[in-house]
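Shown next, in C-alpha coordinates, is the structure this report addresses.
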Amino acid sequence: MLGRRQIREKVVKTLYSYYQNPLKYDILEKNMLTEIDKIYHLYIYQLNFMVALKELAEKQIEIGKNKYLKTDAELNPNQKFISNQVLKKIEENRERISFTSKHKELQWEMHDDLLVKTFQRIISGKRYKDFMQENAFSYEEDQKFIGKLFLRYIAENEDFHEHIEEKELSWSDDFHISNSMVQKTIGYFKEHEESHTLIRMIKDREDEEFARKLLRETHHNWEENEEKLEKRLENWDLERISLMDKIILITGITEIDRFPLTPSRVIINEYIEVSKVYANEKSNIFVNGILDKYTKELNRI
(Lines give C-alpha, C1' and ligand atoms only; values in the text may rest on other atoms or scores of the structure.)
Protein backbone atom coordinates (compact mmCIF):
# COMPACT_ATOMS: atom_id res chain seq x y z
CA MET A 1 0.00 0.00 0.00
CA LEU A 2 1.02 3.61 -0.32
CA GLY A 3 2.54 4.93 2.88
CA ARG A 4 1.70 8.41 4.12
CA ARG A 5 4.95 9.69 2.61
CA GLN A 6 3.94 8.50 -0.85
CA ILE A 7 0.52 10.10 -0.37
CA ARG A 8 2.26 13.36 0.51
CA GLU A 9 4.35 13.00 -2.64
CA LYS A 10 1.21 12.61 -4.74
CA VAL A 11 -0.38 15.69 -3.15
CA VAL A 12 2.76 17.75 -3.82
CA LYS A 13 2.98 16.49 -7.39
CA THR A 14 -0.72 17.22 -7.98
CA LEU A 15 -0.34 20.78 -6.70
CA TYR A 16 2.75 21.29 -8.85
CA SER A 17 0.73 20.25 -11.89
CA TYR A 18 -2.10 22.57 -10.84
CA TYR A 19 0.11 25.66 -10.58
CA GLN A 20 1.45 24.98 -14.04
CA ASN A 21 -1.99 24.32 -15.50
CA PRO A 22 -4.89 25.43 -13.22
CA LEU A 23 -8.20 23.57 -13.38
CA LYS A 24 -11.33 23.10 -11.30
CA TYR A 25 -10.76 21.63 -7.86
CA ASP A 26 -13.03 18.59 -8.27
CA ILE A 27 -11.12 17.65 -11.42
CA LEU A 28 -7.83 18.20 -9.60
CA GLU A 29 -8.81 15.82 -6.82
CA LYS A 30 -10.09 13.25 -9.29
CA ASN A 31 -6.81 13.47 -11.22
CA MET A 32 -4.83 12.85 -8.03
CA LEU A 33 -6.79 9.70 -7.21
CA THR A 34 -6.42 8.55 -10.81
CA GLU A 35 -2.66 9.04 -10.63
CA ILE A 36 -2.58 6.95 -7.45
CA ASP A 37 -4.44 4.17 -9.28
CA LYS A 38 -1.91 4.32 -12.11
CA ILE A 39 0.86 3.30 -9.71
CA TYR A 40 -0.95 -0.01 -9.23
CA HIS A 41 -0.97 -0.48 -13.01
CA LEU A 42 2.81 0.01 -13.07
CA TYR A 43 3.20 -2.41 -10.16
CA ILE A 44 1.28 -5.10 -12.07
CA TYR A 45 3.22 -4.30 -15.25
CA GLN A 46 6.51 -4.95 -13.45
CA LEU A 47 5.24 -8.18 -11.90
CA ASN A 48 4.08 -9.25 -15.36
CA PHE A 49 7.57 -8.55 -16.71
CA MET A 50 9.01 -11.05 -14.23
CA VAL A 51 6.42 -13.63 -15.22
CA ALA A 52 7.23 -12.97 -18.88
CA LEU A 53 10.92 -13.66 -18.17
CA LYS A 54 9.91 -17.05 -16.77
CA GLU A 55 7.71 -17.77 -19.81
CA LEU A 56 10.54 -16.77 -22.14
CA ALA A 57 12.89 -19.17 -20.33
CA GLU A 58 10.30 -21.95 -20.71
CA LYS A 59 9.96 -21.13 -24.39
CA GLN A 60 13.73 -21.39 -24.88
CA ILE A 61 13.75 -24.79 -23.19
CA GLU A 62 10.91 -25.99 -25.42
CA ILE A 63 12.71 -24.78 -28.55
CA GLY A 64 15.82 -26.71 -27.49
CA LYS A 65 13.83 -29.89 -26.91
CA ASN A 66 12.30 -29.69 -30.39
CA LYS A 67 15.62 -29.36 -32.22
CA TYR A 68 16.55 -32.25 -34.48
CA LEU A 69 20.13 -32.27 -33.21
CA LYS A 70 20.21 -31.58 -29.50
CA THR A 71 23.06 -30.79 -27.15
CA ASP A 72 23.25 -32.43 -23.71
CA ALA A 73 22.01 -29.17 -22.17
CA GLU A 74 19.00 -29.19 -24.49
CA LEU A 75 18.26 -32.84 -23.78
CA ASN A 76 18.44 -32.26 -20.02
CA PRO A 77 17.76 -28.54 -19.51
CA ASN A 78 18.44 -26.84 -16.20
CA GLN A 79 15.02 -25.86 -14.89
CA LYS A 80 16.08 -24.15 -11.69
CA PHE A 81 15.08 -20.68 -12.90
CA ILE A 82 11.61 -21.64 -14.13
CA SER A 83 11.10 -23.67 -10.93
CA ASN A 84 11.92 -20.73 -8.67
CA GLN A 85 9.31 -20.85 -5.91
CA VAL A 86 8.88 -17.08 -5.56
CA LEU A 87 8.60 -16.61 -9.32
CA LYS A 88 5.87 -19.25 -9.33
CA LYS A 89 4.00 -17.43 -6.57
CA ILE A 90 4.03 -14.25 -8.65
CA GLU A 91 2.86 -16.20 -11.72
CA GLU A 92 0.03 -17.93 -9.86
CA ASN A 93 -1.16 -14.88 -7.92
CA ARG A 94 -4.89 -14.60 -8.59
CA GLU A 95 -5.07 -10.86 -8.13
CA ARG A 96 -2.34 -10.30 -10.71
CA ILE A 97 -4.03 -12.68 -13.14
CA SER A 98 -7.46 -11.12 -12.64
CA PHE A 99 -6.26 -7.53 -12.99
CA THR A 100 -4.19 -8.32 -16.06
CA SER A 101 -7.15 -10.03 -17.71
CA LYS A 102 -9.04 -6.73 -17.43
CA HIS A 103 -6.07 -4.66 -18.58
CA LYS A 104 -4.52 -6.42 -21.55
CA GLU A 105 -2.16 -3.49 -22.14
CA LEU A 106 -0.21 -4.61 -19.05
CA GLN A 107 0.78 -7.90 -20.68
CA TRP A 108 4.17 -8.46 -22.31
CA GLU A 109 4.67 -9.99 -25.74
CA MET A 110 7.31 -12.72 -25.93
CA HIS A 111 9.03 -10.96 -28.83
CA ASP A 112 9.20 -7.60 -27.03
CA ASP A 113 12.68 -6.18 -27.59
CA LEU A 114 13.20 -4.98 -24.01
CA LEU A 115 12.06 -8.33 -22.61
CA VAL A 116 14.36 -10.34 -24.89
CA LYS A 117 17.38 -8.10 -24.29
CA THR A 118 16.85 -8.18 -20.52
CA PHE A 119 16.52 -11.97 -20.58
CA GLN A 120 19.79 -12.27 -22.52
CA ARG A 121 21.55 -9.99 -20.02
CA ILE A 122 20.24 -12.05 -17.11
CA ILE A 123 21.31 -15.46 -18.42
CA SER A 124 24.77 -14.17 -19.36
CA GLY A 125 25.33 -12.65 -15.92
CA LYS A 126 27.42 -14.19 -13.16
CA ARG A 127 24.63 -14.11 -10.57
CA TYR A 128 22.33 -16.16 -12.80
CA LYS A 129 25.04 -18.65 -13.70
CA ASP A 130 26.02 -19.13 -10.05
CA PHE A 131 22.37 -19.63 -9.09
CA MET A 132 21.79 -22.18 -11.85
CA GLN A 133 24.94 -24.15 -10.98
CA GLU A 134 24.07 -24.41 -7.29
CA ASN A 135 22.60 -27.85 -6.63
CA ALA A 136 20.89 -26.95 -3.38
CA PHE A 137 17.29 -25.77 -3.45
CA SER A 138 15.77 -23.58 -0.75
CA TYR A 139 12.95 -21.09 -0.56
CA GLU A 140 15.23 -18.50 1.03
CA GLU A 141 17.73 -18.72 -1.82
CA ASP A 142 14.94 -18.49 -4.40
CA GLN A 143 13.58 -15.40 -2.67
CA LYS A 144 17.00 -13.79 -2.38
CA PHE A 145 17.80 -14.46 -6.04
CA ILE A 146 14.50 -13.03 -7.36
CA GLY A 147 14.88 -9.97 -5.14
CA LYS A 148 18.34 -9.24 -6.54
CA LEU A 149 17.25 -10.04 -10.09
CA PHE A 150 14.41 -7.52 -9.81
CA LEU A 151 16.67 -4.85 -8.36
CA ARG A 152 19.42 -5.30 -10.95
CA TYR A 153 17.45 -5.88 -14.14
CA ILE A 154 14.21 -3.96 -13.57
CA ALA A 155 14.45 -1.37 -10.80
CA GLU A 156 17.95 -0.24 -11.84
CA ASN A 157 17.48 -0.86 -15.56
CA GLU A 158 17.66 2.47 -17.41
CA ASP A 159 16.17 0.90 -20.54
CA PHE A 160 13.18 -0.28 -18.50
CA HIS A 161 12.80 3.19 -17.00
CA GLU A 162 12.80 4.80 -20.45
CA HIS A 163 10.29 2.23 -21.68
CA ILE A 164 7.72 2.93 -18.95
CA GLU A 165 8.14 6.68 -19.40
CA GLU A 166 7.21 6.26 -23.05
CA LYS A 167 4.28 4.02 -22.21
CA GLU A 168 2.79 6.21 -19.46
CA LEU A 169 4.37 9.59 -18.64
CA SER A 170 3.31 9.65 -14.98
CA TRP A 171 4.97 6.29 -14.34
CA SER A 172 8.41 7.83 -14.47
CA ASP A 173 7.86 9.87 -11.30
CA ASP A 174 6.26 6.91 -9.53
CA PHE A 175 8.84 4.30 -10.53
CA HIS A 176 10.51 4.41 -7.10
CA ILE A 177 7.16 3.78 -5.40
CA SER A 178 6.33 0.80 -7.59
CA ASN A 179 9.84 -0.61 -7.16
CA SER A 180 9.37 -0.53 -3.39
CA MET A 181 6.00 -2.27 -3.72
CA VAL A 182 7.46 -5.09 -5.82
CA GLN A 183 10.37 -5.56 -3.40
CA LYS A 184 7.94 -5.74 -0.48
CA THR A 185 5.78 -8.23 -2.38
CA ILE A 186 8.77 -10.52 -2.98
CA GLY A 187 9.67 -10.28 0.71
CA TYR A 188 6.10 -10.88 1.94
CA PHE A 189 5.61 -14.19 0.14
CA LYS A 190 5.85 -17.16 2.56
CA GLU A 191 7.01 -20.62 1.57
CA HIS A 192 4.04 -22.63 2.84
CA GLU A 193 1.34 -20.01 2.43
CA GLU A 194 -0.75 -19.30 -0.63
CA SER A 195 -0.72 -15.63 -1.55
CA HIS A 196 -3.59 -14.45 -3.69
CA THR A 197 -3.58 -10.79 -2.75
CA LEU A 198 -1.18 -7.99 -3.56
CA ILE A 199 -0.34 -4.60 -2.08
CA ARG A 200 -3.26 -2.19 -2.17
CA MET A 201 -2.74 1.43 -3.17
CA ILE A 202 -4.88 2.94 -0.42
CA LYS A 203 -5.07 0.90 2.77
CA ASP A 204 -8.47 2.15 3.94
CA ARG A 205 -10.89 5.07 3.97
CA GLU A 206 -8.69 6.83 6.54
CA ASP A 207 -5.76 6.99 4.13
CA GLU A 208 -7.98 8.14 1.28
CA GLU A 209 -9.45 10.88 3.45
CA PHE A 210 -5.93 11.93 4.48
CA ALA A 211 -5.03 12.38 0.80
CA ARG A 212 -8.23 14.27 0.03
CA LYS A 213 -7.99 16.51 3.10
CA LEU A 214 -4.31 17.37 2.64
CA LEU A 215 -4.92 18.36 -0.98
CA ARG A 216 -8.08 20.29 -0.14
CA GLU A 217 -6.65 22.18 2.83
CA THR A 218 -3.45 23.08 1.01
CA HIS A 219 -5.32 24.26 -2.08
CA HIS A 220 -8.03 26.21 -0.24
CA ASN A 221 -5.65 27.91 2.22
CA TRP A 222 -2.84 28.62 -0.21
CA GLU A 223 -2.71 32.42 0.09
CA GLU A 224 -2.91 32.36 3.90
CA ASN A 225 -0.09 29.83 4.18
CA GLU A 226 1.95 31.57 1.52
CA GLU A 227 1.94 34.63 3.79
CA LYS A 228 3.06 32.48 6.72
CA LEU A 229 5.94 31.20 4.61
CA GLU A 230 6.93 34.68 3.44
CA LYS A 231 7.14 35.98 7.03
CA ARG A 232 9.65 33.28 7.92
CA LEU A 233 12.03 33.79 5.02
CA GLU A 234 15.33 35.36 5.92
CA ASN A 235 17.22 37.19 3.19
CA TRP A 236 14.96 35.59 0.59
CA ASP A 237 12.14 36.96 -1.52
CA LEU A 238 9.18 34.67 -2.05
CA GLU A 239 9.59 35.05 -5.81
CA ARG A 240 13.10 33.59 -5.63
CA ILE A 241 11.89 30.28 -4.25
CA SER A 242 11.32 27.57 -6.85
CA LEU A 243 7.73 26.49 -7.37
CA MET A 244 8.46 22.97 -6.13
CA ASP A 245 10.12 24.22 -2.92
CA LYS A 246 7.20 26.57 -2.31
CA ILE A 247 4.64 23.77 -2.78
CA ILE A 248 6.52 21.42 -0.45
CA LEU A 249 6.79 24.11 2.25
CA ILE A 250 3.18 25.27 2.00
CA THR A 251 1.92 21.68 2.05
CA GLY A 252 4.09 21.07 5.12
CA ILE A 253 2.76 24.20 6.84
CA THR A 254 -0.77 23.09 6.02
CA GLU A 255 -0.23 19.70 7.59
CA ILE A 256 1.33 21.23 10.69
CA ASP A 257 -1.73 23.50 11.06
CA ARG A 258 -4.52 21.12 10.04
CA PHE A 259 -3.35 17.71 11.29
CA PRO A 260 -2.67 18.29 15.02
CA LEU A 261 -2.41 14.59 15.92
CA THR A 262 0.71 14.05 13.78
CA PRO A 263 3.93 14.98 15.64
CA SER A 264 5.69 17.97 14.09
CA ARG A 265 9.01 16.13 13.79
CA VAL A 266 7.33 13.38 11.79
CA ILE A 267 5.81 15.95 9.43
CA ILE A 268 9.11 17.80 8.99
CA ASN A 269 11.03 14.58 8.29
CA GLU A 270 8.43 13.49 5.74
CA TYR A 271 8.70 16.71 3.75
CA ILE A 272 12.48 16.59 3.92
CA GLU A 273 12.23 13.19 2.21
CA VAL A 274 9.70 14.49 -0.33
CA SER A 275 12.12 17.31 -1.20
CA LYS A 276 14.88 14.76 -1.82
CA VAL A 277 12.68 13.12 -4.45
CA TYR A 278 11.26 16.15 -6.25
CA ALA A 279 13.38 19.22 -5.47
CA ASN A 280 17.05 20.16 -5.86
CA GLU A 281 19.89 18.75 -3.76
CA LYS A 282 19.90 21.59 -1.20
CA SER A 283 16.13 21.86 -0.79
CA ASN A 284 15.99 19.41 2.09
CA ILE A 285 18.12 21.75 4.23
CA PHE A 286 15.89 24.70 3.31
CA VAL A 287 12.68 22.75 4.02
CA ASN A 288 14.01 21.52 7.36
CA GLY A 289 15.00 25.04 8.42
CA ILE A 290 11.70 26.72 7.54
CA LEU A 291 9.39 24.04 8.95
CA ASP A 292 11.47 23.61 12.09
CA LYS A 293 11.36 27.37 12.69
CA TYR A 294 7.61 27.44 12.12
CA THR A 295 6.85 24.64 14.59
CA LYS A 296 9.07 26.19 17.27
CA GLU A 297 7.28 29.53 16.92
CA LEU A 298 3.98 27.70 17.43
CA ASN A 299 5.37 25.58 20.29
CA ARG A 300 4.04 22.68 18.23
CA ILE A 301 5.01 19.29 19.59
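A note on labels: chains of the C-alpha coordinates are A, B, ... as shown, every chain counts residues from 1, and ligands are counted from 1 in their shown order.
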
Considering only C-alpha atoms, tabulate each residue of region 143-208 of chain A that lies at most 8 Å from region 89-112 of chain A along with its nearest interatomic pair and the corresponding distance in Å to one decimal; arrange the rows by chain and ascending residue number and present them as CSV.
```
residue,atom,partner,partner_atom,distance
A:Phe189,CA,A:Lys89,CA,7.6
A:Glu194,CA,A:Lys89,CA,7.8
A:Ser195,CA,A:Asn93,CA,6.4
A:His196,CA,A:Asn93,CA,4.9
A:Thr197,CA,A:Glu95,CA,5.6
A:Leu198,CA,A:Glu95,CA,6.6
```

Using only C-alpha atoms, which residues sit within 12 Å of Glu206 (chain A) once same-chain residues fewer than 5 positions away are excluded, as an NGL selection string?
:A and (3-4 or 7 or 211-213)

Using N, CA, C and O atoms, can you write the selected residues to a file as a PDB file, in the first residue's frame?
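In the end it all went to result08.pdb:
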```pdb
ATOM      1  N   GLY A   3       2.361   4.384   1.558  1.00  0.00           N
ATOM      2  CA  GLY A   3       2.536   4.929   2.884  1.00  0.00           C
ATOM      3  C   GLY A   3       2.133   6.397   2.874  1.00  0.00           C
ATOM      4  O   GLY A   3       1.882   6.986   1.823  1.00  0.00           O
ATOM      5  N   ARG A   4       2.069   6.998   4.046  1.00  0.00           N
ATOM      6  CA  ARG A   4       1.700   8.408   4.120  1.00  0.00           C
ATOM      7  C   ARG A   4       2.706   9.287   3.361  1.00  0.00           C
ATOM      8  O   ARG A   4       2.336  10.314   2.796  1.00  0.00           O
ATOM      9  N   ILE A   7       1.726   9.291  -0.195  1.00  0.00           N
ATOM     10  CA  ILE A   7       0.520  10.100  -0.374  1.00  0.00           C
ATOM     11  C   ILE A   7       0.893  11.575  -0.384  1.00  0.00           C
ATOM     12  O   ILE A   7       0.394  12.351  -1.204  1.00  0.00           O
ATOM     13  N   ALA A 211      -5.461  11.835   2.096  1.00  0.00           N
ATOM     14  CA  ALA A 211      -5.032  12.379   0.805  1.00  0.00           C
ATOM     15  C   ALA A 211      -5.957  13.499   0.352  1.00  0.00           C
ATOM     16  O   ALA A 211      -5.500  14.573  -0.077  1.00  0.00           O
ATOM     17  N   ARG A 212      -7.259  13.261   0.450  1.00  0.00           N
ATOM     18  CA  ARG A 212      -8.234  14.268   0.029  1.00  0.00           C
ATOM     19  C   ARG A 212      -8.112  15.535   0.882  1.00  0.00           C
ATOM     20  O   ARG A 212      -8.122  16.655   0.354  1.00  0.00           O
ATOM     21  N   LYS A 213      -8.022  15.357   2.195  1.00  0.00           N
ATOM     22  CA  LYS A 213      -7.986  16.508   3.101  1.00  0.00           C
ATOM     23  C   LYS A 213      -6.710  17.317   2.924  1.00  0.00           C
ATOM     24  O   LYS A 213      -6.753  18.563   2.911  1.00  0.00           O
TER      25      LYS A 213
END
```

Write out as a Markdown table a residue-level contact list of region 179-263 of chain A versus region 270-294 of chain A with cut-off 7 Å: for each qualifying residue the closest pair of atoms and the distance in Å to one decimal, counting only C-alpha atoms, rows sorted by chain and residue number upward.
```
| residue | atom | partner | partner_atom | distance |
| --- | --- | --- | --- | --- |
| A:Arg232 | CA | A:Ile290 | CA | 6.9 |
| A:Met244 | CA | A:Ala279 | CA | 6.2 |
| A:Asp245 | CA | A:Ala279 | CA | 6.5 |
| A:Ile248 | CA | A:Tyr271 | CA | 6.7 |
| A:Leu249 | CA | A:Val287 | CA | 6.3 |
| A:Gly252 | CA | A:Tyr271 | CA | 6.5 |
| A:Ile253 | CA | A:Leu291 | CA | 7.0 |
```

Could you give me the residues within region 117-223 of chain A that DSSP places in helix (DSSP H, G or I), as number ranges by chain?
A: 117-123, 126-133, 139-155, 158-167, 171-188, 205-220, 222-223

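Considering the residues A:Val182, A:Ile250, A:Leu23, A:Leu238 and counting only C-alpha atoms, Gly147 (chain A) has its shortest atom-to-atom contact with A:Val182.
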
Near-region 14-21 of chain A list (12 Å; only C-alpha atoms; drop same-chain fewer than 5 positions) as a ChimeraX atom specification
/A:7-9,26-36,170,173,211-212,214-220,222,242-251,278-279

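Relative to CA of Glu193 (chain A), CA of Glu58 (chain A) is found at 24.9 Å.
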
Interatomic distance, CA of Glu158 (chain A) to CA of Asn78 (chain A) (Å, one decimal):
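About the pair CA of Glu158 (chain A) and CA of Asn78 (chain A): they are 29.4 Å apart.
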
By how many Å are CA of Leu149 (chain A) and CA of Lys203 (chain A) apart?
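Result for CA of Leu149 (chain A) versus CA of Lys203 (chain A): 28.0 Å, one decimal.
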